[in-house]
file my_file-v3.tsv (TSV, C-alpha atoms and all ligand atoms)
chain	number	residue	atom	x	y	z
S	1	MET	CA	5.26	176.74	43.32
S	2	PRO	CA	7.75	177.89	46.02
S	3	LYS	CA	8.51	175.53	48.89
S	4	LYS	CA	6.14	176.14	51.76
S	5	THR	CA	7.77	176.69	55.14
S	6	HIS	CA	4.74	177.05	57.41
S	7	PHE	CA	1.37	175.42	57.91
S	8	ARG	CA	-1.25	178.17	57.93
S	9	TYR	CA	-4.15	177.79	60.36
S	10	LYS	CA	-6.98	179.94	61.61
S	11	TYR	CA	-4.92	181.72	64.27
S	12	GLY	CA	-1.41	181.69	62.89
S	13	GLU	CA	1.34	179.62	61.32
S	14	ILE	CA	3.35	176.58	62.39
S	15	PRO	CA	6.75	175.75	60.89
S	16	TYR	CA	7.00	172.44	59.04
S	17	PRO	CA	7.10	169.57	59.75
S	18	VAL	CA	3.91	169.29	61.81
S	19	PHE	CA	2.63	166.31	63.79
S	20	PHE	CA	-1.03	166.17	64.76
S	21	PRO	CA	-2.14	163.56	67.33
S	22	ASP	CA	-5.48	161.91	66.61
S	23	ALA	CA	-8.50	163.42	68.32
S	24	THR	CA	-10.69	160.96	66.40
S	25	ARG	CA	-14.02	161.83	68.01
S	26	ALA	CA	-13.00	165.38	69.00
S	27	LEU	CA	-11.01	163.97	71.92
S	28	VAL	CA	-7.37	162.99	72.31
S	29	LYS	CA	-8.08	160.10	74.65
S	30	SER	CA	-7.46	160.85	78.35
S	31	LEU	CA	-6.44	164.47	77.64
S	32	ASP	CA	-8.37	167.71	77.49
S	33	SER	CA	-7.44	170.62	75.24
S	34	ASP	CA	-5.54	172.36	78.03
S	35	ASP	CA	-3.40	169.24	78.46
S	36	ILE	CA	-2.65	169.14	74.72
S	37	ARG	CA	-1.64	172.80	74.76
S	38	ALA	CA	0.74	172.15	77.66
S	39	THR	CA	2.68	169.64	75.53
S	40	LYS	CA	3.39	172.36	72.90
S	41	THR	CA	1.45	170.29	70.39
S	42	SER	CA	0.43	172.68	67.64
S	43	GLY	CA	-2.52	170.86	66.10
S	44	ILE	CA	-4.82	167.86	66.19
S	45	LEU	CA	-6.61	165.63	63.69
S	46	VAL	CA	-10.33	164.88	63.86
S	47	ASN	CA	-11.99	162.07	61.96
S	48	THR	CA	-14.63	163.06	59.44
S	49	PHE	CA	-16.31	159.68	59.19
S	50	HIS	CA	-16.67	159.14	62.96
S	51	LEU	CA	-17.90	162.71	63.55
S	52	TRP	CA	-20.42	162.29	60.72
S	53	HIS	CA	-21.91	159.45	62.76
S	54	ILE	CA	-21.86	161.31	66.08
S	55	LEU	CA	-22.38	165.04	65.61
S	56	ASP	CA	-25.76	166.40	64.84
S	57	LYS	CA	-25.63	169.42	62.50
S	58	SER	CA	-27.04	171.53	65.34
S	59	VAL	CA	-23.82	171.03	67.36
S	60	LEU	CA	-21.62	172.67	64.76
S	61	ALA	CA	-24.25	175.32	64.07
S	62	ALA	CA	-24.34	176.20	67.79
S	63	PHE	CA	-20.57	176.28	68.27
S	64	GLY	CA	-19.37	177.45	64.86
S	65	GLY	CA	-16.82	174.66	64.45
S	66	ILE	CA	-15.03	171.78	66.09
S	67	ARG	CA	-12.37	174.07	67.60
S	68	GLU	CA	-14.96	176.01	69.59
S	69	TYR	CA	-16.68	172.77	70.64
S	70	MET	CA	-13.39	171.43	72.05
S	71	GLY	CA	-12.09	174.70	73.49
S	72	TRP	CA	-9.02	174.31	71.30
S	73	LYS	CA	-7.22	177.26	69.72
S	74	GLY	CA	-4.53	175.41	67.75
S	75	ALA	CA	-4.62	173.94	64.27
S	76	VAL	CA	-7.14	171.25	63.30
S	77	ILE	CA	-7.05	168.98	60.29
S	78	SER	CA	-9.69	166.47	59.29
S	79	ASP	CA	-9.10	163.26	57.39
S	80	SER	CA	-11.14	161.99	54.48
S	81	GLY	CA	-12.84	159.04	56.14
S	82	GLY	CA	-11.49	156.69	53.46
S	83	PHE	CA	-9.50	154.56	55.90
S	84	GLN	CA	-12.48	154.19	58.24
S	85	VAL	CA	-14.72	153.26	55.31
S	86	MET	CA	-12.26	150.51	54.50
S	87	SER	CA	-12.26	149.38	58.13
S	88	VAL	CA	-16.02	149.22	58.60
S	89	VAL	CA	-17.26	148.40	55.12
S	90	LYS	CA	-14.61	146.61	53.13
S	91	LYS	CA	-13.74	144.38	56.07
S	92	GLY	CA	-17.41	143.58	56.57
S	93	VAL	CA	-17.63	145.01	60.11
S	94	SER	CA	-20.69	147.02	59.17
S	95	GLU	CA	-23.53	146.65	56.70
S	96	GLY	CA	-22.66	148.83	53.79
S	97	LYS	CA	-21.12	148.96	50.36
S	98	ILE	CA	-19.06	151.26	48.20
S	99	THR	CA	-20.64	152.49	45.00
S	100	ASP	CA	-19.66	155.22	42.53
S	101	GLU	CA	-22.10	157.49	44.37
S	102	GLY	CA	-20.37	157.05	47.73
S	103	VAL	CA	-20.51	154.76	50.73
S	104	VAL	CA	-24.01	153.39	51.16
S	105	PHE	CA	-25.29	152.30	54.58
S	106	HIS	CA	-28.59	150.76	55.57
S	107	PRO	CA	-29.12	151.60	59.26
S	108	SER	CA	-32.53	149.88	59.00
S	109	ARG	CA	-34.38	147.95	56.31
S	110	ASN	CA	-36.11	150.96	54.74
S	111	ARG	CA	-33.44	153.52	55.39
S	112	LYS	CA	-30.49	154.31	53.14
S	113	VAL	CA	-27.73	156.73	54.09
S	114	VAL	CA	-25.01	157.71	51.67
S	115	PHE	CA	-21.68	159.19	52.71
S	116	THR	CA	-20.64	160.92	49.50
S	117	PRO	CA	-17.42	162.73	48.62
S	118	GLU	CA	-19.45	165.96	48.62
S	119	GLU	CA	-20.87	165.21	52.08
S	120	SER	CA	-17.36	164.60	53.38
S	121	VAL	CA	-16.19	168.02	52.12
S	122	ARG	CA	-19.34	169.74	53.44
S	123	LEU	CA	-18.85	168.24	56.88
S	124	GLN	CA	-15.16	169.15	57.00
S	125	MET	CA	-16.02	172.74	56.00
S	126	SER	CA	-18.65	172.84	58.79
S	127	LEU	CA	-16.04	171.52	61.22
S	128	ASP	CA	-14.04	174.57	60.11
S	129	THR	CA	-10.77	172.63	59.94
S	130	ASP	CA	-7.56	174.05	58.48
S	131	MET	CA	-7.00	171.17	56.08
S	132	VAL	CA	-9.69	169.25	54.23
S	133	VAL	CA	-8.85	165.83	52.80
S	134	VAL	CA	-11.05	164.43	50.05
S	135	LEU	CA	-12.75	161.05	50.34
S	136	ASP	CA	-10.80	158.32	48.58
S	137	ASP	CA	-11.46	154.68	47.72
S	138	PHE	CA	-8.92	152.74	49.75
S	139	THR	CA	-6.90	150.19	47.80
S	140	ASP	CA	-7.07	146.96	49.77
S	141	PRO	CA	-3.62	145.33	50.13
S	142	LYS	CA	-5.21	142.12	48.78
S	143	ASP	CA	-6.43	143.80	45.59
S	144	ASP	CA	-4.96	142.58	42.30
S	145	HIS	CA	-3.98	145.11	39.63
S	146	THR	CA	-7.47	145.24	38.09
S	147	GLN	CA	-9.18	145.79	41.44
S	148	ALA	CA	-6.54	148.35	42.49
S	149	LYS	CA	-7.05	150.23	39.20
S	150	LYS	CA	-10.76	150.43	39.97
S	151	THR	CA	-10.05	152.06	43.34
S	152	VAL	CA	-7.71	154.55	41.65
S	153	ASP	CA	-10.35	155.44	39.04
S	154	ARG	CA	-12.98	155.92	41.74
S	155	THR	CA	-10.56	157.91	43.91
S	156	LEU	CA	-9.93	160.25	40.94
S	157	GLU	CA	-13.63	160.65	40.17
S	158	TRP	CA	-14.41	161.34	43.84
S	159	ALA	CA	-11.49	163.81	43.95
S	160	ARG	CA	-12.96	165.76	40.99
S	161	ARG	CA	-16.37	165.89	42.66
S	162	SER	CA	-14.80	166.91	45.99
S	163	LYS	CA	-12.80	169.72	44.39
S	164	ALA	CA	-15.95	171.06	42.71
S	165	GLU	CA	-17.85	170.98	46.01
S	166	PHE	CA	-14.96	172.64	47.84
S	167	ASP	CA	-14.73	175.44	45.27
S	168	LYS	CA	-18.50	175.96	45.46
S	169	ILE	CA	-18.48	176.28	49.26
S	170	CYS	CA	-15.46	178.63	49.22
S	171	LEU	CA	-17.31	180.84	46.73
S	172	GLU	CA	-20.49	180.83	48.84
S	173	LYS	CA	-18.56	181.70	52.01
S	174	GLY	CA	-16.41	184.31	50.28
S	175	LYS	CA	-13.19	182.44	51.17
S	176	THR	CA	-10.02	183.56	49.44
S	177	ASP	CA	-6.84	181.59	48.79
S	178	GLU	CA	-5.44	183.21	51.95
S	179	ASP	CA	-8.18	182.22	54.37
S	180	ARG	CA	-9.60	179.00	52.96
S	181	PRO	CA	-8.48	175.60	54.31
S	182	TYR	CA	-5.89	173.57	52.43
S	183	LEU	CA	-7.41	170.91	50.20
S	184	LEU	CA	-5.57	167.62	49.82
S	185	GLY	CA	-6.18	164.63	47.58
S	186	VAL	CA	-5.14	161.10	48.54
S	187	ALA	CA	-3.06	158.95	46.21
S	188	GLN	CA	-4.09	155.30	46.15
S	189	GLY	CA	-2.89	152.33	44.11
S	190	GLY	CA	-1.48	149.99	46.77
S	191	GLU	CA	1.85	148.41	45.93
S	192	PHE	CA	1.37	148.92	42.16
S	193	MET	CA	3.80	151.76	41.46
S	194	ASP	CA	2.38	152.44	37.96
S	195	LEU	CA	-1.02	153.06	39.60
S	196	ARG	CA	0.48	155.22	42.35
S	197	GLU	CA	2.16	157.32	39.68
S	198	GLU	CA	-0.97	157.58	37.55
S	199	CYS	CA	-3.11	158.49	40.59
S	200	THR	CA	-0.60	161.14	41.72
S	201	LYS	CA	-0.30	162.77	38.29
S	202	GLU	CA	-4.06	162.85	37.71
S	203	LEU	CA	-4.72	164.28	41.19
S	204	VAL	CA	-2.17	167.04	40.54
S	205	LYS	CA	-4.04	167.92	37.32
S	206	ILE	CA	-7.30	168.34	39.29
S	207	GLY	CA	-5.57	170.94	41.45
S	208	PHE	CA	-4.88	170.44	45.15
S	209	ASP	CA	-2.60	172.08	47.70
S	210	GLY	CA	-1.02	168.72	48.38
S	211	LEU	CA	-1.46	164.98	48.49
S	212	GLY	CA	-1.72	162.33	51.15
S	213	TRP	CA	0.07	158.99	51.04
S	214	GLY	CA	-2.97	156.75	51.31
S	215	GLY	CA	-3.54	153.05	51.64
S	216	TRP	CA	-1.92	150.39	53.73
S	217	PRO	CA	1.85	150.59	53.22
S	218	PHE	CA	2.77	147.47	55.21
S	219	VAL	CA	4.36	144.59	53.34
S	220	GLU	CA	5.06	141.55	55.52
S	221	GLY	CA	4.76	143.68	58.67
S	222	LYS	CA	7.11	146.43	57.50
S	223	ILE	CA	6.34	149.75	55.86
S	224	ASN	CA	7.34	149.89	52.20
S	225	PHE	CA	8.27	153.51	51.50
S	226	LYS	CA	8.49	153.01	47.73
S	227	SER	CA	4.95	154.27	47.10
S	228	ALA	CA	5.60	157.33	49.30
S	229	GLU	CA	8.63	158.05	47.15
S	230	VAL	CA	6.71	157.63	43.88
S	231	ILE	CA	4.15	160.17	45.08
S	232	SER	CA	6.82	162.67	46.14
S	233	GLN	CA	8.61	162.31	42.79
S	234	ASN	CA	5.46	163.15	40.82
S	235	VAL	CA	4.21	166.30	42.54
S	236	PRO	CA	5.21	169.90	41.83
S	237	GLU	CA	7.83	171.61	43.98
S	238	GLY	CA	6.27	173.06	47.12
S	239	TYR	CA	3.34	170.64	47.24
S	240	LEU	CA	2.19	169.63	50.73
S	241	LEU	CA	2.79	165.96	51.41
S	242	TYR	CA	0.89	164.23	54.17
S	243	GLY	CA	1.86	160.86	55.69
S	244	LEU	CA	-1.54	159.64	56.86
S	245	GLY	CA	-1.27	157.68	60.10
S	246	ILE	CA	2.54	157.69	60.04
S	247	GLY	CA	3.72	157.97	63.65
S	248	LYS	CA	6.82	155.94	64.46
S	249	PRO	CA	9.63	158.49	64.82
S	250	GLU	CA	11.90	156.61	62.40
S	251	ASP	CA	9.06	156.37	59.83
S	252	ILE	CA	8.32	160.08	60.18
S	253	ILE	CA	11.98	160.81	59.51
S	254	LYS	CA	12.06	158.56	56.43
S	255	CYS	CA	9.00	160.36	55.03
S	256	PHE	CA	10.39	163.76	56.03
S	257	LYS	CA	13.51	163.05	54.00
S	258	LEU	CA	11.25	162.24	51.03
S	259	GLY	CA	9.63	165.67	51.35
S	260	TYR	CA	6.64	164.87	53.60
S	261	ASN	CA	5.77	167.63	56.06
S	262	ILE	CA	2.44	166.70	57.71
S	263	PHE	CA	1.86	163.68	59.95
S	264	ASP	CA	-0.83	162.32	62.23
S	265	CYS	CA	-1.03	159.23	64.41
S	266	VAL	CA	-2.64	157.64	67.46
S	267	LEU	CA	0.69	156.15	68.60
S	268	PRO	CA	1.94	158.71	71.18
S	269	THR	CA	-1.25	158.62	73.22
S	270	ARG	CA	-2.10	154.96	72.62
S	271	ASP	CA	1.42	153.97	73.68
S	272	GLY	CA	1.15	156.35	76.64
S	273	ARG	CA	-2.03	154.69	77.87
S	274	HIS	CA	-0.23	151.35	77.64
S	275	GLY	CA	2.74	152.58	79.67
S	276	ARG	CA	5.14	152.86	76.74
S	277	LEU	CA	7.08	156.12	76.87
S	278	TYR	CA	9.38	157.60	74.24
S	279	VAL	CA	12.69	158.91	75.64
S	280	PHE	CA	15.39	160.75	73.70
S	281	ASP	CA	18.94	159.45	74.16
S	282	ALA	CA	20.42	162.79	75.18
S	283	ASP	CA	21.50	164.59	78.34
S	284	ASP	CA	19.69	167.80	77.54
S	285	ILE	CA	17.03	169.15	75.15
S	286	LYS	CA	19.69	171.04	73.22
S	287	ASP	CA	21.70	167.80	72.72
S	288	ILE	CA	18.87	165.82	71.07
S	289	ASP	CA	20.13	164.72	67.66
S	290	VAL	CA	17.41	163.18	65.48
S	291	THR	CA	19.86	162.58	62.62
S	292	LYS	CA	21.47	159.73	64.59
S	293	PRO	CA	20.13	156.23	63.84
S	294	ASN	CA	19.17	155.41	67.45
S	295	PHE	CA	18.21	158.72	68.95
S	296	TYR	CA	15.53	157.42	71.35
S	297	HIS	CA	14.46	154.41	73.36
S	298	PHE	CA	11.33	153.23	75.15
S	299	PHE	CA	10.63	153.13	78.85
S	300	ASN	CA	8.08	150.40	79.51
S	301	SER	CA	6.23	151.12	82.76
S	302	LYS	CA	4.59	147.73	82.81
S	303	LYS	CA	7.92	145.89	82.75
S	304	PHE	CA	9.52	148.09	85.39
S	305	ALA	CA	9.01	146.87	88.95
S	306	ASN	CA	10.79	149.41	91.15
S	307	ILE	CA	8.17	151.76	92.59
S	308	ALA	CA	10.89	153.32	94.80
S	309	ASP	CA	12.91	154.63	91.84
S	310	THR	CA	13.40	158.35	92.41
S	311	SER	CA	14.77	159.16	88.94
S	312	LYS	CA	12.76	160.85	86.19
S	313	ILE	CA	11.64	159.28	82.90
S	314	SER	CA	13.75	162.05	81.38
S	315	GLU	CA	15.81	164.36	83.58
S	316	TYR	CA	15.47	167.35	81.25
S	317	CYS	CA	12.01	166.89	79.70
S	318	ASP	CA	9.74	169.85	80.48
S	319	CYS	CA	6.44	167.90	80.47
S	320	SER	CA	4.34	167.81	83.62
S	321	LEU	CA	5.21	164.13	84.29
S	322	CYS	CA	8.97	164.72	84.22
S	323	GLN	CA	8.76	168.05	86.01
S	324	ASN	CA	6.71	166.74	88.92
S	325	TYR	CA	6.94	162.97	89.32
S	326	SER	CA	9.41	160.12	89.53
S	327	LYS	CA	9.64	156.95	87.50
S	328	GLY	CA	8.67	155.02	90.64
S	329	TYR	CA	5.45	156.99	91.15
S	330	LEU	CA	4.41	156.57	87.50
S	331	VAL	CA	4.95	152.82	87.76
S	332	HIS	CA	2.87	152.82	90.97
S	333	LEU	CA	0.03	154.60	89.14
S	334	PHE	CA	0.13	152.05	86.31
S	335	LYS	CA	0.03	149.23	88.86
S	336	LEU	CA	-3.08	150.81	90.37
S	337	GLY	CA	-4.61	150.98	86.89
S	338	ASP	CA	-5.64	154.58	87.40
S	339	PRO	CA	-6.30	156.70	84.27
S	340	VAL	CA	-3.95	159.38	85.68
S	341	ALA	CA	-1.05	157.09	84.70
S	342	GLY	CA	-2.11	157.05	81.04
S	343	ARG	CA	-2.71	160.79	81.11
S	344	LEU	CA	0.77	161.60	82.45
S	345	ALA	CA	2.45	159.17	80.05
S	346	SER	CA	0.47	160.65	77.13
S	347	LEU	CA	1.53	164.17	78.14
S	348	HIS	CA	5.16	163.05	78.10
S	349	ASN	CA	4.83	161.28	74.74
S	350	LEU	CA	3.15	164.27	73.09
S	351	ARG	CA	5.98	166.47	74.33
S	352	PHE	CA	8.42	163.95	72.81
S	353	PHE	CA	6.67	164.37	69.45
S	354	SER	CA	6.52	168.17	69.65
S	355	LEU	CA	10.26	168.14	70.43
S	356	LEU	CA	10.84	165.76	67.52
S	357	MET	CA	9.14	168.30	65.20
S	358	GLU	CA	11.19	171.16	66.66
S	359	LYS	CA	14.40	169.22	66.08
S	360	LEU	CA	13.42	168.23	62.53
S	361	GLN	CA	12.91	171.89	61.64
S	362	THR	CA	16.63	172.44	61.98
S	363	ALA	CA	17.99	168.91	61.40
S	364	ASN	CA	20.67	168.50	58.77
S	365	PHE	CA	20.55	165.12	57.05
S	366	SER	CA	22.74	166.20	54.16
S	367	SER	CA	25.74	164.17	55.35
S	368	GLN	CA	23.62	161.00	55.19
S	369	SER	CA	22.43	159.04	52.19
S	401	ZN	ZN	8.49	164.19	80.01

call {"tool": "encode", "arguments": {"input": "my_file-v3.tsv", "output": "structure tokens", "more": "lines below"}}
Ligand SMILES: [Zn+2]
result
Amino acid sequence: MPKKTHFRYKYGEIPYPVFFPDATRALVKSLDSDDIRATKTSGILVNTFHLWHILDKSVLAAFGGIREYMGWKGAVISDSGGFQVMSVVKKGVSEGKITDEGVVFHPSRNRKVVFTPEESVRLQMSLDTDMVVVLDDFTDPKDDHTQAKKTVDRTLEWARRSKAEFDKICLEKGKTDEDRPYLLGVAQGGEFMDLREECTKELVKIGFDGLGWGGWPFVEGKINFKSAEVISQNVPEGYLLYGLGIGKPEDIIKCFKLGYNIFDCVLPTRDGRHGRLYVFDADDIKDIDVTKPNFYHFFNSKKFANIADTSKISEYCDCSLCQNYSKGYLVHLFKLGDPVAGRLASLHNLRFFSLLMEKLQTANFSSQS
């Protein structure tokens, strides 16, 4: 399989790597689709599980897909819902349980609702996203080897069922390999590398366009990239590799060096709303060098007191915050607590991430280990 250079979406192609901010409920918080476009962000991620709860089938039938609903013309990917299932069910936030059939909820005493792997694929196909991710059984970081193995076995069984459903829908809709969405599996197994390897190899046999690095990679507060590496070492050349929820620039770069080319995260906009802005350490856009160890720093609006500061967050950034407003005015807006502050900071942060992707496309890490 030749190495893929571009992410194909409904209206075109985007060079790898790609970063998609989270529009969990068909909204990137505090921004509309026109704002997102202005940051040169090429795509967004919507959350299958949350939309399953919110969107009536009639909405997608009326609009034709989530893109039309949002007035968004860029790429859209949807996640599997596995992480959210873990959040609401495995952590006991919501009444529900995971069975071989799927995720079973009881909204009322006599009512049972099942979110199955097939339902997840069907919904993602109705959303008309450019990349469908199959439902997986999240390996809890507290799981021992036996429990983790069970999540891997279930993830594989659900992946087989999802692939069958995906193929069936593509056939019904007359989709070819050129105009169907990408289909990705998710490799689980926690910190047990033998399970990660087994899960990866078995998923490859089922037949996907790529795999996601699933689970919770934090060990004692730090990301352990070993499992990401095991996955990348056990997939065919040219496979798409997706770092689910990976958003810190240095983490993106570590994954990118391992062969990962798709990323999503809430960080740029969440940090923006909290007054935390990402700033490249460079004097001009053309001088940004993401191969350096410390190529950016944070500007923290909430720790900055000078509302008379006339300088820009970044003198060369082409986002609407840096083009039109001073550091002092942004700090003033945050002090007022007005949502405009979070919006402007989010616009700047998304432009930082789109620039990061642009720079990674041509970055040369070959002189580094
Ligand atoms: Zn800016």

call {"tool": "residues_near_point", "arguments": {"input": "my_file-v3.tsv", "point": "(1.5, 148.9, 53.9)", "cutoff": "10 Å", "atoms": "only C-alpha atoms", "output": "number ranges by chain"}}
result
S: 140-141, 190-191, 214-225, 227

call {"tool": "write_last_selection", "arguments": {"input": "my_file-v3.tsv", "atoms": "C-alpha atoms", "output": "compact mmCIF listing (two decimals), in the frame of the given file"}}
result
# COMPACT_ATOMS: atom_id res chain seq x y z
CA ASP S 140 -7.07 146.96 49.77
CA PRO S 141 -3.62 145.33 50.13
CA GLY S 190 -1.48 149.99 46.77
CA GLU S 191 1.85 148.41 45.93
CA GLY S 214 -2.97 156.75 51.31
CA GLY S 215 -3.54 153.05 51.64
CA TRP S 216 -1.92 150.39 53.73
CA PRO S 217 1.85 150.59 53.22
CA PHE S 218 2.77 147.47 55.21
CA VAL S 219 4.36 144.59 53.34
CA GLU S 220 5.06 141.55 55.52
CA GLY S 221 4.76 143.68 58.67
CA LYS S 222 7.11 146.43 57.50
CA ILE S 223 6.34 149.75 55.86
CA ASN S 224 7.34 149.89 52.20
CA PHE S 225 8.27 153.51 51.50
CA SER S 227 4.95 154.27 47.10

call {"tool": "residues_around", "arguments": {"input": "my_file-v3.tsv", "residues": "range 337-342 of chain S", "least_positions_apart": "6", "cutoff": "10 Å", "atoms": "only C-alpha atoms", "output": "MDAnalysis selection string"}}
result
chainID S and resid 29:31 269:276 301 321 329:331 348

call {"tool": "atom_distance", "arguments": {"input": "my_file-v3.tsv", "atom1": "CA of Gln124 in chain S", "atom2": "CA of Val186 in chain S"}}
result
15.4 Å

call {"tool": "closest_atom_pairs", "arguments": {"input": "my_file-v3.tsv", "of": "chain S", "to": "ligand ZN 401 (chain S)", "cutoff": "6 Å", "atoms": "all atoms listed in the file", "output": "tab-separated table"}}
result
residue	atom	partner	partner_atom	distance
S:Ser314	CA	S:ZN401	ZN	5.8
S:Cys317	CA	S:ZN401	ZN	4.4
S:Asp318	CA	S:ZN401	ZN	5.8
S:Cys319	CA	S:ZN401	ZN	4.3
S:Leu321	CA	S:ZN401	ZN	5.4
S:Cys322	CA	S:ZN401	ZN	4.3
S:His348	CA	S:ZN401	ZN	4.0

call {"tool": "closest_residue", "arguments": {"input": "my_file-v3.tsv", "among": "S:Ser346, S:Trp213, S:Phe192, S:Ser320", "to": "Asp143 in chain S", "atoms": "only C-alpha atoms"}}
result
S:Phe192

call {"tool": "atom_distance", "arguments": {"input": "my_file-v3.tsv", "atom1": "CA of Thr5 in chain S", "atom2": "CA of Phe166 in chain S"}}
result
24.2 Å

call {"tool": "residues_around", "arguments": {"input": "my_file-v3.tsv", "residues": "range 255-259 of chain S", "least_positions_apart": "4", "cutoff": "7 Å", "atoms": "all atoms listed in the file", "output": "list in words"}}
result
Glu229, Ser232, Leu241 and Asp251 of chain S

call {"tool": "residues_around", "arguments": {"input": "my_file-v3.tsv", "residues": "Ala26 in chain S", "least_positions_apart": "3", "cutoff": "12 Å", "atoms": "only C-alpha atoms", "output": "ChimeraX atom specification"}}
result
/S:21-23,29-33,44-52,54-55,65-72,76-78,127,129

call {"tool": "write_last_selection", "arguments": {"input": "my_file-v3.tsv", "atoms": "C-alpha atoms", "output": "compact mmCIF listing (two decimals), keeping the file's coordinate frame"}}
result
# COMPACT_ATOMS: atom_id res chain seq x y z
CA PRO S 21 -2.14 163.56 67.33
CA ASP S 22 -5.48 161.91 66.61
CA ALA S 23 -8.50 163.42 68.32
CA LYS S 29 -8.08 160.10 74.65
CA SER S 30 -7.46 160.85 78.35
CA LEU S 31 -6.44 164.47 77.64
CA ASP S 32 -8.37 167.71 77.49
CA SER S 33 -7.44 170.62 75.24
CA ILE S 44 -4.82 167.86 66.19
CA LEU S 45 -6.61 165.63 63.69
CA VAL S 46 -10.33 164.88 63.86
CA ASN S 47 -11.99 162.07 61.96
CA THR S 48 -14.63 163.06 59.44
CA PHE S 49 -16.31 159.68 59.19
CA HIS S 50 -16.67 159.14 62.96
CA LEU S 51 -17.90 162.71 63.55
CA TRP S 52 -20.42 162.29 60.72
CA ILE S 54 -21.86 161.31 66.08
CA LEU S 55 -22.38 165.04 65.61
CA GLY S 65 -16.82 174.66 64.45
CA ILE S 66 -15.03 171.78 66.09
CA ARG S 67 -12.37 174.07 67.60
CA GLU S 68 -14.96 176.01 69.59
CA TYR S 69 -16.68 172.77 70.64
CA MET S 70 -13.39 171.43 72.05
CA GLY S 71 -12.09 174.70 73.49
CA TRP S 72 -9.02 174.31 71.30
CA VAL S 76 -7.14 171.25 63.30
CA ILE S 77 -7.05 168.98 60.29
CA SER S 78 -9.69 166.47 59.29
CA LEU S 127 -16.04 171.52 61.22
CA THR S 129 -10.77 172.63 59.94

call {"tool": "closest_residue", "arguments": {"input": "my_file-v3.tsv", "among": "S:Lys163, S:Arg37, S:Lys149, S:Lys175", "to": "Asp194 in chain S", "atoms": "only C-alpha atoms"}}
result
S:Lys149

call {"tool": "atom_distance", "arguments": {"input": "my_file-v3.tsv", "atom1": "CA of Ile313 in chain S", "atom2": "CA of Val279 in chain S"}}
result
7.3 Å

call {"tool": "residues_around", "arguments": {"input": "my_file-v3.tsv", "residues": "Pro117 in chain S", "least_positions_apart": "2", "cutoff": "9 Å", "atoms": "all atoms listed in the file", "output": "MDAnalysis selection string"}}
result
chainID S and resid 80 101:103 115 119:122 134:136 158:159 161:162 165
